[in-house]
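Asks: Would you mind keeping the following structure in view while I ask a few things?
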Amino acid sequence: SDWFSKQDWSVSLSQKLNNKYLEKNKARIVHLGKIRGRHLDRLYEEAREDARSEFDLLKNHPLFVSGVMIYWGEGDKVSAQFRVTNTDPKMIKVFKEFLLKVCNVPKERIRASLIIYPDLKESECKKYWIEEAGLDNNSFTKTVIIRGKHKTNKIRFGICTMNFSSRFLKEKMLTWISLVPKHLSR
């Protein structure tokens with residue numbers, strides 16, 4: 001193949017074959033995307049069904065209700081991320097306990113990140129969140145440093161975001177959020 005690679009007829013033949021397989025691969029990718037989409041739809045529906053069946057068992061459990069309420073107020077409901085952001089370490093600690101004890105999330109899969117101001121020391125802020133919220137040093141990912149709008153009203157130890165990567169659990173949480181108000185307003 002190396003002997004003829006520079007010949008005009010060989011280059012045109014190679015381009016023709018590449019174009020042919022490119023079209024086939026595009027069609028395969030579209031087809032696989034549709035299959036994956038149907039699979040995810042079934043998986044997320046399974047998560048919602050699990051959430052509905054678990055709700056009857058958990059609806060009077062204080063940690064369950066607390067975790068759902070925290071997520072309802074402070075959680076990310078729009079993106080695919082399953083995360084809670086707050087400045088109160090007690091709230092982060094309760095949500096961590098909810099993840100561990102109610103959702104049976106492995107401790108090592110819980111991640112945390114901080115948003116701090118430039119004049120704050122990252123190590124002191126992490127130490128604060130580790131002590132007050134019961135987080136592990138290993139759970140922290142990259143800290144984001146922001147410029148505040150107000151020079152006087154600063155958050156002393158930054159803002160903590162607790163993250164767990166699971167779209168399945170996110171679907172369950174969104175279902176629980178829709179069921180809690182109905183249950184509480186009866």
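By order in the structure tokens, chains are A, B, ...; within a chain, residues start at 1; ligands start at 1, following the order shown.
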Considering only C-alpha atoms, return as a list in words whatever protein or nucleic-acid residues lie within 12 Å of Phe140 of chain A, sequence-local ones (same chain, fewer than 4 positions apart) excluded.
Replies: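 Residues meeting the cut-off are Glu108, Arg109, Ile110, Arg111, Ala112, Ser113, Leu114, Ile115, Glu122, Ser123, Cys125, Lys126, Lys127, Trp129, Ile130, Leu135, Asp136, Val144, Cys160, Thr161, Met162, Asn163 and Phe164 of chain A.
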Asks: Can you spit out the residues from that selection as an mmCIF file, in the first residue's frame, using N, CA and C atoms?
Replies:
```
data_model
loop_
_atom_site.group_PDB
_atom_site.id
_atom_site.type_symbol
_atom_site.label_atom_id
_atom_site.label_comp_id
_atom_site.auth_asym_id
_atom_site.auth_seq_id
_atom_site.Cartn_x
_atom_site.Cartn_y
_atom_site.Cartn_z
ATOM 1 N N GLU A 108 -17.066 7.058 49.605
ATOM 2 C CA GLU A 108 -15.963 7.498 48.742
ATOM 3 C C GLU A 108 -16.434 8.104 47.424
ATOM 4 N N ARG A 109 -17.709 7.957 47.087
ATOM 5 C CA ARG A 109 -18.221 8.556 45.840
ATOM 6 C C ARG A 109 -18.821 9.943 46.047
ATOM 7 N N ILE A 110 -18.908 10.385 47.304
ATOM 8 C CA ILE A 110 -19.416 11.729 47.582
ATOM 9 C C ILE A 110 -18.280 12.721 47.382
ATOM 10 N N ARG A 111 -18.530 13.733 46.597
ATOM 11 C CA ARG A 111 -17.533 14.764 46.297
ATOM 12 C C ARG A 111 -17.994 16.108 46.843
ATOM 13 N N ALA A 112 -17.022 16.939 47.165
ATOM 14 C CA ALA A 112 -17.325 18.288 47.643
ATOM 15 C C ALA A 112 -16.378 19.262 46.958
ATOM 16 N N SER A 113 -16.862 20.464 46.763
ATOM 17 C CA SER A 113 -16.008 21.522 46.224
ATOM 18 C C SER A 113 -16.360 22.812 46.937
ATOM 19 N N LEU A 114 -15.426 23.746 46.912
ATOM 20 C CA LEU A 114 -15.639 25.023 47.582
ATOM 21 C C LEU A 114 -15.599 26.158 46.573
ATOM 22 N N ILE A 115 -16.365 27.195 46.883
ATOM 23 C CA ILE A 115 -16.289 28.463 46.175
ATOM 24 C C ILE A 115 -15.863 29.462 47.233
ATOM 25 N N GLU A 122 -7.574 28.585 51.230
ATOM 26 C CA GLU A 122 -8.261 27.358 50.862
ATOM 27 C C GLU A 122 -8.111 26.286 51.940
ATOM 28 N N SER A 123 -6.920 26.150 52.500
ATOM 29 C CA SER A 123 -6.682 25.109 53.514
ATOM 30 C C SER A 123 -7.528 25.339 54.770
ATOM 31 N N CYS A 125 -10.424 26.979 54.890
ATOM 32 C CA CYS A 125 -11.824 26.738 54.520
ATOM 33 C C CYS A 125 -12.116 25.243 54.462
ATOM 34 N N LYS A 126 -11.216 24.471 53.874
ATOM 35 C CA LYS A 126 -11.408 23.017 53.826
ATOM 36 C C LYS A 126 -11.448 22.437 55.236
ATOM 37 N N LYS A 127 -10.531 22.892 56.076
ATOM 38 C CA LYS A 127 -10.482 22.409 57.454
ATOM 39 C C LYS A 127 -11.816 22.681 58.158
ATOM 40 N N TRP A 129 -14.838 23.034 56.782
ATOM 41 C CA TRP A 129 -15.895 22.166 56.246
ATOM 42 C C TRP A 129 -15.689 20.706 56.660
ATOM 43 N N ILE A 130 -14.448 20.296 56.794
ATOM 44 C CA ILE A 130 -14.168 18.935 57.265
ATOM 45 C C ILE A 130 -14.645 18.774 58.703
ATOM 46 N N LEU A 135 -17.015 16.276 56.396
ATOM 47 C CA LEU A 135 -16.530 15.841 55.084
ATOM 48 C C LEU A 135 -15.122 15.282 55.200
ATOM 49 N N ASP A 136 -14.714 14.479 54.233
ATOM 50 C CA ASP A 136 -13.356 13.946 54.183
ATOM 51 C C ASP A 136 -12.487 14.833 53.315
ATOM 52 N N VAL A 144 -13.001 26.735 43.549
ATOM 53 C CA VAL A 144 -13.207 27.849 42.623
ATOM 54 C C VAL A 144 -13.058 29.149 43.408
ATOM 55 N N CYS A 160 -20.033 25.613 50.037
ATOM 56 C CA CYS A 160 -19.715 24.207 49.784
ATOM 57 C C CYS A 160 -20.767 23.592 48.854
ATOM 58 N N THR A 161 -20.292 22.858 47.906
ATOM 59 C CA THR A 161 -21.170 22.080 47.029
ATOM 60 C C THR A 161 -20.851 20.609 47.237
ATOM 61 N N MET A 162 -21.889 19.848 47.587
ATOM 62 C CA MET A 162 -21.734 18.401 47.717
ATOM 63 C C MET A 162 -22.343 17.765 46.474
ATOM 64 N N ASN A 163 -21.598 16.855 45.866
ATOM 65 C CA ASN A 163 -21.983 16.296 44.580
ATOM 66 C C ASN A 163 -21.879 14.779 44.628
ATOM 67 N N PHE A 164 -22.871 14.120 44.023
ATOM 68 C CA PHE A 164 -22.820 12.677 43.836
ATOM 69 C C PHE A 164 -23.244 12.410 42.404
#
```
Asks: Tell me, as a short mmCIF file (atom, residue, chain, number, x, y, z; two decimals) with all heavy atoms, in the first residue's frame, which residues lie within 12 Å of Pro106 of chain A, counting only C-alpha atoms; anything in the same chain fewer than 5 positions away does not count.
Replies:
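File result_11.cif, as written:
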```cif
data_model
loop_
_atom_site.label_atom_id
_atom_site.label_comp_id
_atom_site.auth_asym_id
_atom_site.auth_seq_id
_atom_site.Cartn_x
_atom_site.Cartn_y
_atom_site.Cartn_z
N LYS A 96 -25.39 14.91 53.75
CA LYS A 96 -24.43 13.81 53.63
C LYS A 96 -24.97 12.56 54.34
O LYS A 96 -24.90 11.46 53.80
CB LYS A 96 -23.09 14.21 54.22
CG LYS A 96 -22.02 13.14 54.06
CD LYS A 96 -20.76 13.49 54.80
CE LYS A 96 -20.88 12.83 56.12
NZ LYS A 96 -19.80 12.73 56.99
N GLU A 97 -25.54 12.74 55.53
CA GLU A 97 -26.12 11.61 56.26
C GLU A 97 -27.29 11.00 55.49
O GLU A 97 -27.46 9.79 55.47
CB GLU A 97 -26.57 12.05 57.66
CG GLU A 97 -25.43 12.42 58.58
CD GLU A 97 -24.43 11.28 58.78
OE1 GLU A 97 -24.87 10.15 59.07
OE2 GLU A 97 -23.22 11.52 58.63
N PHE A 98 -28.09 11.83 54.85
CA PHE A 98 -29.18 11.37 54.00
C PHE A 98 -28.64 10.49 52.88
O PHE A 98 -29.15 9.40 52.62
CB PHE A 98 -29.94 12.57 53.44
CG PHE A 98 -30.86 12.24 52.29
CD1 PHE A 98 -32.08 11.64 52.49
CD2 PHE A 98 -30.48 12.55 50.99
CE1 PHE A 98 -32.93 11.33 51.43
CE2 PHE A 98 -31.31 12.26 49.92
CZ PHE A 98 -32.53 11.65 50.14
N LEU A 99 -27.57 10.95 52.21
CA LEU A 99 -26.98 10.17 51.12
C LEU A 99 -26.45 8.83 51.63
O LEU A 99 -26.66 7.79 50.99
CB LEU A 99 -25.84 10.95 50.45
CG LEU A 99 -26.23 12.12 49.58
CD1 LEU A 99 -24.99 12.85 49.08
CD2 LEU A 99 -27.09 11.68 48.41
N LEU A 100 -25.78 8.85 52.78
CA LEU A 100 -25.17 7.63 53.30
C LEU A 100 -26.20 6.65 53.84
O LEU A 100 -26.15 5.46 53.53
CB LEU A 100 -24.16 7.98 54.40
CG LEU A 100 -22.92 8.76 53.97
CD1 LEU A 100 -22.12 9.20 55.18
CD2 LEU A 100 -22.07 7.95 53.02
N LYS A 101 -27.13 7.15 54.66
CA LYS A 101 -28.02 6.25 55.40
C LYS A 101 -29.33 5.94 54.68
O LYS A 101 -29.85 4.84 54.82
CB LYS A 101 -28.31 6.84 56.77
CG LYS A 101 -27.06 6.89 57.64
CD LYS A 101 -27.34 7.52 58.98
CE LYS A 101 -26.05 7.56 59.80
NZ LYS A 101 -26.22 8.32 61.02
N ARG A 111 -18.53 13.73 46.60
CA ARG A 111 -17.53 14.76 46.30
C ARG A 111 -17.99 16.11 46.84
O ARG A 111 -19.19 16.37 46.94
CB ARG A 111 -17.33 14.89 44.79
CG ARG A 111 -16.74 13.67 44.16
CD ARG A 111 -15.24 13.60 44.44
NE ARG A 111 -14.69 12.33 44.03
CZ ARG A 111 -14.22 11.41 44.88
NH1 ARG A 111 -14.28 11.62 46.17
NH2 ARG A 111 -13.70 10.30 44.44
N SER A 139 -12.46 13.90 49.69
CA SER A 139 -13.67 14.10 48.89
C SER A 139 -13.66 15.43 48.13
O SER A 139 -14.46 15.63 47.23
CB SER A 139 -14.92 14.02 49.76
OG SER A 139 -14.97 15.11 50.65
N PHE A 164 -22.87 14.12 44.02
CA PHE A 164 -22.82 12.68 43.84
C PHE A 164 -23.24 12.41 42.40
O PHE A 164 -24.31 12.85 41.97
CB PHE A 164 -23.75 11.96 44.82
CG PHE A 164 -23.82 10.48 44.60
CD1 PHE A 164 -22.73 9.68 44.86
CD2 PHE A 164 -24.97 9.90 44.11
CE1 PHE A 164 -22.79 8.30 44.64
CE2 PHE A 164 -25.05 8.53 43.89
CZ PHE A 164 -23.95 7.74 44.16
N SER A 165 -22.43 11.71 41.67
CA SER A 165 -22.70 11.51 40.25
C SER A 165 -23.63 10.32 40.03
O SER A 165 -23.19 9.17 40.04
CB SER A 165 -21.38 11.29 39.52
OG SER A 165 -21.61 11.14 38.15
N SER A 166 -24.94 10.62 39.89
CA SER A 166 -25.91 9.56 39.63
C SER A 166 -27.19 10.17 39.07
O SER A 166 -27.96 10.78 39.81
CB SER A 166 -26.23 8.78 40.90
OG SER A 166 -27.30 7.90 40.67
#
```
Asks: Give me, as a list in words, the residues of segment 125-174 of chain A that a backbone DSSP run labels strand (DSSP E or B).
Replies: Phe140, Val144, Ile145, Ile159, Cys160, Thr161, Met162 and Asn163 of chain A
Asks: Would you save the residues from that selection as an mmCIF file, in the first residue's frame, using N, CA, C and O atoms?
Replies:
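This is the output file again30.cif:
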```cif
data_model
loop_
_atom_site.group_PDB
_atom_site.id
_atom_site.type_symbol
_atom_site.label_atom_id
_atom_site.label_comp_id
_atom_site.auth_asym_id
_atom_site.auth_seq_id
_atom_site.Cartn_x
_atom_site.Cartn_y
_atom_site.Cartn_z
ATOM 1 N N PHE A 140 -12.729 16.327 48.470
ATOM 2 C CA PHE A 140 -12.711 17.647 47.848
ATOM 3 C C PHE A 140 -12.105 17.607 46.455
ATOM 4 O O PHE A 140 -11.090 16.969 46.208
ATOM 5 N N VAL A 144 -13.001 26.735 43.549
ATOM 6 C CA VAL A 144 -13.207 27.849 42.623
ATOM 7 C C VAL A 144 -13.058 29.149 43.408
ATOM 8 O O VAL A 144 -13.644 29.295 44.486
ATOM 9 N N ILE A 145 -12.272 30.070 42.881
ATOM 10 C CA ILE A 145 -12.060 31.366 43.540
ATOM 11 C C ILE A 145 -12.810 32.418 42.734
ATOM 12 O O ILE A 145 -12.635 32.525 41.519
ATOM 13 N N ILE A 159 -18.503 28.727 50.107
ATOM 14 C CA ILE A 159 -19.738 28.011 49.812
ATOM 15 C C ILE A 159 -19.342 26.578 49.451
ATOM 16 O O ILE A 159 -18.435 26.367 48.648
ATOM 17 N N CYS A 160 -20.033 25.613 50.037
ATOM 18 C CA CYS A 160 -19.715 24.207 49.784
ATOM 19 C C CYS A 160 -20.767 23.592 48.854
ATOM 20 O O CYS A 160 -21.958 23.803 49.044
ATOM 21 N N THR A 161 -20.292 22.858 47.906
ATOM 22 C CA THR A 161 -21.170 22.080 47.029
ATOM 23 C C THR A 161 -20.851 20.609 47.237
ATOM 24 O O THR A 161 -19.699 20.200 47.109
ATOM 25 N N MET A 162 -21.889 19.848 47.587
ATOM 26 C CA MET A 162 -21.734 18.401 47.717
ATOM 27 C C MET A 162 -22.343 17.765 46.474
ATOM 28 O O MET A 162 -23.459 18.085 46.088
ATOM 29 N N ASN A 163 -21.598 16.855 45.866
ATOM 30 C CA ASN A 163 -21.983 16.296 44.580
ATOM 31 C C ASN A 163 -21.879 14.779 44.628
ATOM 32 O O ASN A 163 -20.956 14.223 45.207
#
```
Asks: Measuring between only C-alpha atoms, which one of A:Leu169, A:Leu63, A:Ala51, A:Leu120 shows the shortest distance to Val105 of chain A?
Replies: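 Comparing A:Leu169, A:Leu63, A:Ala51, A:Leu120 against Val105 of chain A, the winner is A:Leu169.
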Asks: State, in Å with one decimal place, the distance from atom CA of Phe82 of chain A to atom CA of Thr175 of chain A.
Replies: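 Atom CA of Phe82 of chain A sits 13.4 Å away from atom CA of Thr175 of chain A.
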Asks: Just give me the gap between atom CA of Asn86 of chain A and atom CA of Tyr128 of chain A in Å, one decimal is fine.
Replies: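 Distance reported for this atom pair: 13.9 Å.
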Asks: Write down as a count of residues only the residues of segment 3-172 of chain A whose backbone DSSP state falls under helix (DSSP H, G or I).
Replies: 102
